[in-house]
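**Student:** mmCIF, C-alpha atoms and all ligand atoms; chains and numbers go by the auth columns, file structure38.cif:
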```
data_work
loop_
_atom_site.group_PDB
_atom_site.id
_atom_site.type_symbol
_atom_site.label_atom_id
_atom_site.label_comp_id
_atom_site.label_asym_id
_atom_site.label_seq_id
_atom_site.Cartn_x
_atom_site.Cartn_y
_atom_site.Cartn_z
_atom_site.B_iso_or_equiv
_atom_site.auth_seq_id
_atom_site.auth_asym_id
ATOM 1 C CA MET A 1 -22.802 -9.251 71.762 0.00 27 O
ATOM 2 C CA MET A 2 -26.039 -10.682 73.240 0.00 28 O
ATOM 3 C CA ARG A 3 -25.586 -8.379 76.239 0.00 29 O
ATOM 4 C CA ASP A 4 -25.361 -5.336 73.937 0.00 30 O
ATOM 5 C CA LEU A 5 -28.385 -6.475 71.936 0.00 31 O
ATOM 6 C CA TRP A 6 -30.406 -6.873 75.135 0.00 32 O
ATOM 7 C CA LEU A 7 -29.266 -3.452 76.427 0.00 33 O
ATOM 8 C CA VAL A 8 -30.192 -1.747 73.132 0.00 34 O
ATOM 9 C CA LEU A 9 -33.595 -3.493 73.062 0.00 35 O
ATOM 10 C CA ARG A 10 -34.349 -2.427 76.642 0.00 36 O
ATOM 11 C CA LYS A 11 -33.291 1.156 75.974 0.00 37 O
ATOM 12 C CA PHE A 12 -35.266 1.195 72.712 0.00 38 O
ATOM 13 C CA ALA A 13 -38.392 0.107 74.608 0.00 39 O
ATOM 14 C CA ALA A 14 -37.903 2.983 77.065 0.00 40 O
ATOM 15 C CA ASN A 15 -36.614 5.723 74.666 0.00 41 O
ATOM 16 C CA ALA A 16 -37.529 4.717 71.106 0.00 42 O
ATOM 17 C CA LYS A 17 -36.935 8.159 69.567 0.00 43 O
ATOM 18 C CA THR A 18 -33.508 8.561 71.175 0.00 44 O
ATOM 19 C CA VAL A 19 -32.191 5.064 70.510 0.00 45 O
ATOM 20 C CA ALA A 20 -33.957 4.662 67.138 0.00 46 O
ATOM 21 C CA THR A 21 -32.671 1.146 66.524 0.00 47 O
ATOM 22 C CA ILE A 22 -33.388 -2.332 67.861 0.00 48 O
ATOM 23 C CA ALA A 23 -29.844 -3.650 67.434 0.00 49 O
ATOM 24 C CA PRO A 24 -26.296 -2.302 67.513 0.00 50 O
ATOM 25 C CA SER A 25 -24.708 -1.708 64.094 0.00 51 O
ATOM 26 C CA SER A 26 -23.232 -4.812 62.495 0.00 52 O
ATOM 27 C CA ARG A 27 -19.502 -5.241 62.039 0.00 53 O
ATOM 28 C CA ALA A 28 -19.980 -4.656 58.285 0.00 54 O
ATOM 29 C CA LEU A 29 -21.686 -1.304 58.876 0.00 55 O
ATOM 30 C CA SER A 30 -19.153 -0.320 61.541 0.00 56 O
ATOM 31 C CA ARG A 31 -16.267 -1.115 59.216 0.00 57 O
ATOM 32 C CA ALA A 32 -17.886 0.748 56.315 0.00 58 O
ATOM 33 C CA THR A 33 -18.166 3.793 58.582 0.00 59 O
ATOM 34 C CA ILE A 34 -14.437 4.030 59.182 0.00 60 O
ATOM 35 C CA ARG A 35 -13.234 2.671 55.827 0.00 61 O
ATOM 36 C CA GLY A 36 -10.956 5.081 53.975 0.00 62 O
ATOM 37 C CA ILE A 37 -10.105 7.355 56.883 0.00 63 O
ATOM 38 C CA GLU A 38 -6.777 8.911 55.951 0.00 64 O
ATOM 39 C CA TRP A 39 -5.007 8.129 59.186 0.00 65 O
ATOM 40 C CA ALA A 40 -1.700 9.703 58.194 0.00 66 O
ATOM 41 C CA LYS A 41 -3.428 13.111 57.981 0.00 67 O
ATOM 42 C CA THR A 42 -5.732 12.611 60.970 0.00 68 O
ATOM 43 C CA LYS A 43 -5.295 14.145 64.412 0.00 69 O
ATOM 44 C CA VAL A 44 -8.812 14.001 65.894 0.00 70 O
ATOM 45 C CA VAL A 45 -11.877 11.796 65.296 0.00 71 O
ATOM 46 C CA VAL A 46 -15.182 12.393 67.078 0.00 72 O
ATOM 47 C CA GLU A 47 -17.961 9.816 67.288 0.00 73 O
ATOM 48 C CA LEU A 48 -21.490 11.007 68.122 0.00 74 O
ATOM 49 C CA GLY A 49 -24.224 8.725 69.481 0.00 75 O
ATOM 50 C CA ALA A 50 -21.926 5.766 70.100 0.00 76 O
ATOM 51 C CA GLY A 51 -24.529 3.531 71.788 0.00 77 O
ATOM 52 C CA THR A 52 -22.927 0.299 72.982 0.00 78 O
ATOM 53 C CA GLY A 53 -19.860 0.965 70.823 0.00 79 O
ATOM 54 C CA PRO A 54 -19.793 -1.211 67.675 0.00 80 O
ATOM 55 C CA ILE A 55 -18.223 1.615 65.654 0.00 81 O
ATOM 56 C CA THR A 56 -16.062 2.652 68.597 0.00 82 O
ATOM 57 C CA GLU A 57 -14.643 -0.859 68.613 0.00 83 O
ATOM 58 C CA GLU A 58 -13.527 -0.626 64.971 0.00 84 O
ATOM 59 C CA LEU A 59 -12.261 2.906 65.531 0.00 85 O
ATOM 60 C CA VAL A 60 -10.139 1.931 68.517 0.00 86 O
ATOM 61 C CA LEU A 61 -8.678 -0.994 66.532 0.00 87 O
ATOM 62 C CA ALA A 62 -7.881 1.118 63.471 0.00 88 O
ATOM 63 C CA ALA A 63 -6.647 4.406 64.953 0.00 89 O
ATOM 64 C CA PRO A 64 -2.879 4.647 65.128 0.00 90 O
ATOM 65 C CA PRO A 65 -1.300 5.845 68.383 0.00 91 O
ATOM 66 C CA GLY A 66 -1.373 9.644 68.569 0.00 92 O
ATOM 67 C CA VAL A 67 -4.823 10.054 66.969 0.00 93 O
ATOM 68 C CA ARG A 68 -7.183 11.572 69.513 0.00 94 O
ATOM 69 C CA LEU A 69 -10.629 9.945 69.824 0.00 95 O
ATOM 70 C CA VAL A 70 -13.587 11.624 71.514 0.00 96 O
ATOM 71 C CA VAL A 71 -16.663 9.417 71.858 0.00 97 O
ATOM 72 C CA ASN A 72 -20.011 10.997 72.693 0.00 98 O
ATOM 73 C CA GLU A 73 -23.178 9.328 73.955 0.00 99 O
ATOM 74 C CA PHE A 74 -26.261 10.718 75.676 0.00 100 O
ATOM 75 C CA LEU A 75 -27.659 7.780 77.689 0.00 101 O
ATOM 76 C CA PRO A 76 -25.787 7.097 80.957 0.00 102 O
ATOM 77 C CA GLU A 77 -26.241 3.307 80.717 0.00 103 O
ATOM 78 C CA PHE A 78 -24.614 3.230 77.269 0.00 104 O
ATOM 79 C CA CYS A 79 -21.813 5.454 78.589 0.00 105 O
ATOM 80 C CA ALA A 80 -21.236 2.998 81.441 0.00 106 O
ATOM 81 C CA ALA A 81 -21.038 0.132 78.911 0.00 107 O
ATOM 82 C CA LEU A 82 -18.561 2.145 76.797 0.00 108 O
ATOM 83 C CA ARG A 83 -16.335 2.916 79.822 0.00 109 O
ATOM 84 C CA ASP A 84 -16.418 -0.742 80.765 0.00 110 O
ATOM 85 C CA LYS A 85 -15.372 -1.902 77.289 0.00 111 O
ATOM 86 C CA PHE A 86 -12.868 0.825 76.495 0.00 112 O
ATOM 87 C CA PRO A 87 -11.049 1.806 79.687 0.00 113 O
ATOM 88 C CA GLY A 88 -9.099 5.028 79.219 0.00 114 O
ATOM 89 C CA LEU A 89 -11.090 6.142 76.169 0.00 115 O
ATOM 90 C CA ASP A 90 -12.447 9.717 76.317 0.00 116 O
ATOM 91 C CA ILE A 91 -16.219 9.246 76.686 0.00 117 O
ATOM 92 C CA ALA A 92 -18.024 12.594 76.407 0.00 118 O
ATOM 93 C CA GLU A 93 -21.303 11.895 78.162 0.00 119 O
ATOM 94 C CA GLY A 94 -24.059 14.309 77.172 0.00 120 O
ATOM 95 C CA ASP A 95 -26.157 15.787 74.430 0.00 121 O
ATOM 96 C CA ALA A 96 -24.485 16.103 71.019 0.00 122 O
ATOM 97 C CA ARG A 97 -26.294 19.442 70.660 0.00 123 O
ATOM 98 C CA ARG A 98 -23.592 20.673 73.070 0.00 124 O
ATOM 99 C CA LEU A 99 -20.769 19.481 70.800 0.00 125 O
ATOM 100 C CA THR A 100 -18.944 22.837 70.701 0.00 126 O
ATOM 101 C CA ASP A 101 -18.816 23.017 74.513 0.00 127 O
ATOM 102 C CA MET A 102 -17.727 19.385 74.825 0.00 128 O
ATOM 103 C CA LEU A 103 -14.834 19.978 72.480 0.00 129 O
ATOM 104 C CA ALA A 104 -13.918 23.335 74.069 0.00 130 O
ATOM 105 C CA ASP A 105 -13.790 21.594 77.479 0.00 131 O
ATOM 106 C CA ARG A 106 -11.169 19.312 75.962 0.00 132 O
ATOM 107 C CA GLY A 107 -9.204 22.026 74.163 0.00 133 O
ATOM 108 C CA VAL A 108 -10.144 20.562 70.755 0.00 134 O
ATOM 109 C CA ASP A 109 -10.718 23.179 68.028 0.00 135 O
ATOM 110 C CA ARG A 110 -10.291 21.100 64.846 0.00 136 O
ATOM 111 C CA VAL A 111 -11.668 17.667 63.986 0.00 137 O
ATOM 112 C CA ASP A 112 -10.791 15.610 60.928 0.00 138 O
ATOM 113 C CA TYR A 113 -13.707 13.162 60.956 0.00 139 O
ATOM 114 C CA VAL A 114 -17.060 13.167 62.721 0.00 140 O
ATOM 115 C CA LEU A 115 -18.783 9.767 62.685 0.00 141 O
ATOM 116 C CA SER A 116 -22.414 10.003 63.675 0.00 142 O
ATOM 117 C CA GLY A 117 -24.853 7.321 64.749 0.00 143 O
ATOM 118 C CA LEU A 118 -27.269 10.019 65.952 0.00 144 O
ATOM 119 C CA PRO A 119 -30.879 9.564 64.820 0.00 145 O
ATOM 120 C CA LEU A 120 -30.698 12.980 63.121 0.00 146 O
ATOM 121 C CA THR A 121 -33.764 12.382 60.980 0.00 147 O
ATOM 122 C CA HIS A 122 -35.822 12.036 64.187 0.00 148 O
ATOM 123 C CA PHE A 123 -34.462 15.359 65.514 0.00 149 O
ATOM 124 C CA ALA A 124 -36.478 18.564 65.245 0.00 150 O
ATOM 125 C CA PRO A 125 -35.132 20.486 62.216 0.00 151 O
ATOM 126 C CA ALA A 126 -33.651 23.239 64.430 0.00 152 O
ATOM 127 C CA ASP A 127 -31.800 20.637 66.530 0.00 153 O
ATOM 128 C CA ARG A 128 -30.527 18.892 63.406 0.00 154 O
ATOM 129 C CA ASP A 129 -29.282 22.229 62.051 0.00 155 O
ATOM 130 C CA ALA A 130 -27.621 22.960 65.393 0.00 156 O
ATOM 131 C CA VAL A 131 -25.724 19.640 65.480 0.00 157 O
ATOM 132 C CA ILE A 132 -24.650 19.671 61.832 0.00 158 O
ATOM 133 C CA ASP A 133 -23.596 23.326 61.927 0.00 159 O
ATOM 134 C CA GLN A 134 -21.471 22.712 65.032 0.00 160 O
ATOM 135 C CA VAL A 135 -19.887 19.804 63.165 0.00 161 O
ATOM 136 C CA GLY A 136 -19.334 21.977 60.081 0.00 162 O
ATOM 137 C CA ARG A 137 -17.660 24.749 62.064 0.00 163 O
ATOM 138 C CA VAL A 138 -15.202 22.413 63.739 0.00 164 O
ATOM 139 C CA LEU A 139 -14.334 20.256 60.703 0.00 165 O
ATOM 140 C CA ALA A 140 -10.830 20.768 59.340 0.00 166 O
ATOM 141 C CA PRO A 141 -10.552 21.690 55.637 0.00 167 O
ATOM 142 C CA GLY A 142 -11.107 18.423 53.762 0.00 168 O
ATOM 143 C CA GLY A 143 -12.687 16.899 56.873 0.00 169 O
ATOM 144 C CA GLU A 144 -15.644 14.525 56.630 0.00 170 O
ATOM 145 C CA PHE A 145 -18.943 14.018 58.373 0.00 171 O
ATOM 146 C CA ARG A 146 -20.145 10.429 58.107 0.00 172 O
ATOM 147 C CA GLN A 147 -23.700 9.605 59.075 0.00 173 O
ATOM 148 C CA LEU A 148 -25.069 6.108 59.626 0.00 174 O
ATOM 149 C CA THR A 149 -28.496 5.231 58.330 0.00 175 O
ATOM 150 C CA THR A 150 -30.927 2.375 58.026 0.00 176 O
ATOM 151 C CA ALA A 151 -32.660 4.227 55.186 0.00 177 O
ATOM 152 C CA PRO A 152 -30.379 3.738 52.176 0.00 178 O
ATOM 153 C CA TRP A 153 -30.265 6.774 49.830 0.00 179 O
ATOM 154 C CA LEU A 154 -33.476 8.244 51.245 0.00 180 O
ATOM 155 C CA PHE A 155 -31.794 11.121 53.090 0.00 181 O
ATOM 156 C CA ARG A 156 -29.107 11.998 50.551 0.00 182 O
ATOM 157 C CA GLY A 157 -31.112 15.136 49.687 0.00 183 O
ATOM 158 C CA LEU A 158 -31.300 16.105 53.348 0.00 184 O
ATOM 159 C CA TYR A 159 -27.525 15.972 53.806 0.00 185 O
ATOM 160 C CA ARG A 160 -27.041 17.789 50.476 0.00 186 O
ATOM 161 C CA ARG A 161 -28.654 20.782 52.204 0.00 187 O
ATOM 162 C CA TYR A 162 -25.622 21.006 54.485 0.00 188 O
ATOM 163 C CA PHE A 163 -22.718 19.648 52.401 0.00 189 O
ATOM 164 C CA ARG A 164 -21.484 20.198 48.841 0.00 190 O
ATOM 165 C CA GLU A 165 -20.544 16.551 48.322 0.00 191 O
ATOM 166 C CA VAL A 166 -22.559 13.616 49.639 0.00 192 O
ATOM 167 C CA SER A 167 -21.952 10.021 48.646 0.00 193 O
ATOM 168 C CA PHE A 168 -23.559 6.882 49.988 0.00 194 O
ATOM 169 C CA ARG A 169 -22.086 3.490 50.922 0.00 195 O
ATOM 170 C CA LEU A 170 -24.660 0.691 50.978 0.00 196 O
ATOM 171 C CA VAL A 171 -24.271 -2.051 53.595 0.00 197 O
ATOM 172 C CA VAL A 172 -26.715 -4.934 53.217 0.00 198 O
ATOM 173 C CA TRP A 173 -25.251 -6.952 56.093 0.00 199 O
ATOM 174 C CA ASN A 174 -26.998 -5.058 58.835 0.00 200 O
ATOM 175 C CA LEU A 175 -30.325 -5.380 60.643 0.00 201 O
ATOM 176 C CA PRO A 176 -32.028 -3.681 58.825 0.00 202 O
ATOM 177 C CA PRO A 177 -29.830 -3.028 55.763 0.00 203 O
ATOM 178 C CA GLY A 178 -28.306 0.420 55.924 0.00 204 O
ATOM 179 C CA GLY A 179 -25.259 2.377 55.036 0.00 205 O
ATOM 180 C CA VAL A 180 -23.249 5.518 55.511 0.00 206 O
ATOM 181 C CA TYR A 181 -23.607 9.014 54.055 0.00 207 O
ATOM 182 C CA VAL A 182 -20.138 10.479 53.521 0.00 208 O
ATOM 183 C CA CYS A 183 -20.327 14.282 53.491 0.00 209 O
ATOM 184 C CA ARG A 184 -17.684 16.905 52.646 0.00 210 O
ATOM 185 C CA GLY A 185 -17.662 20.664 52.213 0.00 211 O
ATOM 186 C CA TRP A 186 -19.987 22.142 54.820 0.00 212 O
ATOM 187 C CA ILE A 187 -22.268 24.957 53.584 0.00 213 O
ATOM 188 C CA PRO A 188 -22.681 27.667 56.277 0.00 214 O
ATOM 189 C CA PRO A 189 -26.278 28.687 57.176 0.00 215 O
ATOM 190 C CA ALA A 190 -26.092 32.129 55.485 0.00 216 O
ATOM 191 C CA GLU A 191 -24.998 30.529 52.231 0.00 217 O
ATOM 192 C CA ARG A 192 -27.742 27.903 52.486 0.00 218 O
ATOM 193 C CA ALA A 193 -30.335 30.607 53.044 0.00 219 O
ATOM 194 C CA ALA A 194 -29.049 32.670 50.099 0.00 220 O
ATOM 195 C CA ALA A 195 -29.215 29.601 47.873 0.00 221 O
ATOM 196 C CA GLY A 196 -32.700 28.694 49.179 0.00 222 O
ATOM 197 C CA ARG A 197 -31.448 25.335 50.518 0.00 223 O
HETATM 198 C C1 LIG B . -29.183 4.511 66.126 0.00 1 F
HETATM 199 S S1 LIG B . -28.346 4.418 67.708 0.00 1 F
HETATM 200 C C2 LIG B . -26.672 4.135 67.143 0.00 1 F
HETATM 201 C C3 LIG B . -25.808 3.507 68.198 0.00 1 F
HETATM 202 C C4 LIG B . -24.448 3.027 67.712 0.00 1 F
HETATM 203 N N1 LIG B . -23.669 4.096 67.137 0.00 1 F
HETATM 204 C C5 LIG B . -24.578 1.916 66.709 0.00 1 F
HETATM 205 O O1 LIG B . -24.178 2.147 65.559 0.00 1 F
HETATM 206 O O2 LIG B . -25.071 0.843 67.070 0.00 1 F
HETATM 207 C C6 LIG B . -28.372 6.151 68.157 0.00 1 F
HETATM 208 C C7 LIG B . -27.564 6.505 69.390 0.00 1 F
HETATM 209 O O3 LIG B . -27.535 7.950 69.519 0.00 1 F
HETATM 210 C C8 LIG B . -27.737 8.282 70.899 0.00 1 F
HETATM 211 N N2 LIG B . -28.293 9.636 70.940 0.00 1 F
HETATM 212 C C9 LIG B . -29.551 10.030 70.586 0.00 1 F
HETATM 213 N N3 LIG B . -29.690 11.363 70.757 0.00 1 F
HETATM 214 C C10 LIG B . -28.484 11.813 71.194 0.00 1 F
HETATM 215 C C11 LIG B . -27.991 13.110 71.522 0.00 1 F
HETATM 216 N N4 LIG B . -28.774 14.199 71.442 0.00 1 F
HETATM 217 N N5 LIG B . -26.708 13.223 71.928 0.00 1 F
HETATM 218 C C12 LIG B . -25.901 12.127 72.008 0.00 1 F
HETATM 219 N N6 LIG B . -26.318 10.870 71.721 0.00 1 F
HETATM 220 C C13 LIG B . -27.584 10.720 71.320 0.00 1 F
HETATM 221 C C14 LIG B . -28.685 7.209 71.389 0.00 1 F
HETATM 222 O O4 LIG B . -28.680 7.116 72.807 0.00 1 F
HETATM 223 C C15 LIG B . -28.144 5.958 70.676 0.00 1 F
HETATM 224 O O5 LIG B . -27.134 5.359 71.431 0.00 1 F
#
```
Represent the structure from my file as structure tokens, please.
Ligand SMILES: C[S@@+](CC[C@H](N)C(=O)[O-])C[C@H]1O[C@@H](n2cnc3c(N)ncnc32)[C@H](O)[C@@H]1O

**Tutor:**
Amino acid sequence: MMRDLWLVLRKFAANAKTVATIAPSSRALSRATIRGIEWAKTKVVVELGAGTGPITEELVLAAPPGVRLVVNEFLPEFCAALRDKFPGLDIAEGDARRLTDMLADRGVDRVDYVLSGLPLTHFAPADRDAVIDQVGRVLAPGGEFRQLTTAPWLFRGLYRRYFREVSFRLVVWNLPPGGVYVCRGWIPPAERAAAGR
């Protein structure tokens, strides 16, 4: 745990906008992120921006055999830490803006849950659109996009641009307190534009 904290702090000092946090997510936040996943109906879960893997850890513990996990992270040092901790897990090293290609490389065309630790609110709007729309296109009917935050409720309106239903789970036991936006029903770009969203 101290090793992960130190690694995150060092990477934050070097790439503050990419890492966007000074500490890995707490166990409470990690558990809240995966709580309620309907495992019996789930074939594929993708995690974006996994960092040192606090959510990955809960995911690996909870996923029944046969559920495919694809774990993405951009920074090579975090990817090395993930490979070390989770031997055999599919670590998709690279930019989440290339999500469609990463999944195509793996023959994955439908995803039930996308769990994101990406600092999407620090992304340029066009990059944020690109990531969320790739997620929306690949989500199975009834699938969910879950986005971590350390800004409780603040960005509910932002995610409502992209999804018909957005709820928020508050987690106070995190540094700083945060939570998870749970989003369903992706709205394609043409529909958003027509509705002035
Ligand atoms: C706020 S941290 C969350 C880390 C981890 N999920 C957690 O909960 O502790 C954001 C993570 O997203 C990664 N990241 C930022 N931009 C990315 C991108 N374009 N593609 C993939 N990962 C990215 C960062 O390197 C960092 O590990």

**Student:** Taking the file above as input, evaluate the PyMOL selection byres (((chain O and resi 182) around 10) and not hetatm) and report the hits as a list in words.

**Tutor:**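 Matching residues under the PyMOL selection byres (((chain O and resi 182) around 10) and not hetatm) are Ala177, Pro178, Trp179, Leu180, Phe181, Gly183, Leu184, Tyr185, Arg186, Arg187, Glu191, Val192, Ser193, Phe194, Tyr207, Val208 and Cys209 of chain O.
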
**Student:** So how many Å separate atom CA of O:Val70 and atom CA of O:Val93, to one decimal?

**Tutor:**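 Between atom CA of O:Val70 and atom CA of O:Val93 the gap works out to 5.7 Å.
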
**Student:** Can you give me, as an MDAnalysis selection string, the residues this file yields under the PyMOL selection byres (((chain O and resi 154) around 12) and not hetatm)?

**Tutor:** chainID O and resid 122:123 144:153 155:161 184:185 187:188

**Student:** For ligand LIG 1 (chain F), list the contacting residues at 7 Å or closer, counting all atoms listed in the file, as a list in words.

**Tutor:**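 Those within range of ligand LIG 1 (chain F) are Thr44, Val45, Ala46, Thr47, Ala49, Pro50, Ser51, Ser56, Leu74, Gly75, Ala76, Gly77, Thr78, Gly79, Pro80, Ile81, Asn98, Glu99, Phe100, Leu101, Phe104, Gly120, Asp121, Ala122, Arg123, Ser142, Gly143, Leu144 and Pro145 of chain O.
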
**Student:** Enter the distance from atom CA of O:Arg57 to atom CA of O:Thr176, in Å, rounded to one decimal.

**Tutor:**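 Pair atom CA of O:Arg57 / atom CA of O:Thr176 returns 15.1 Å.
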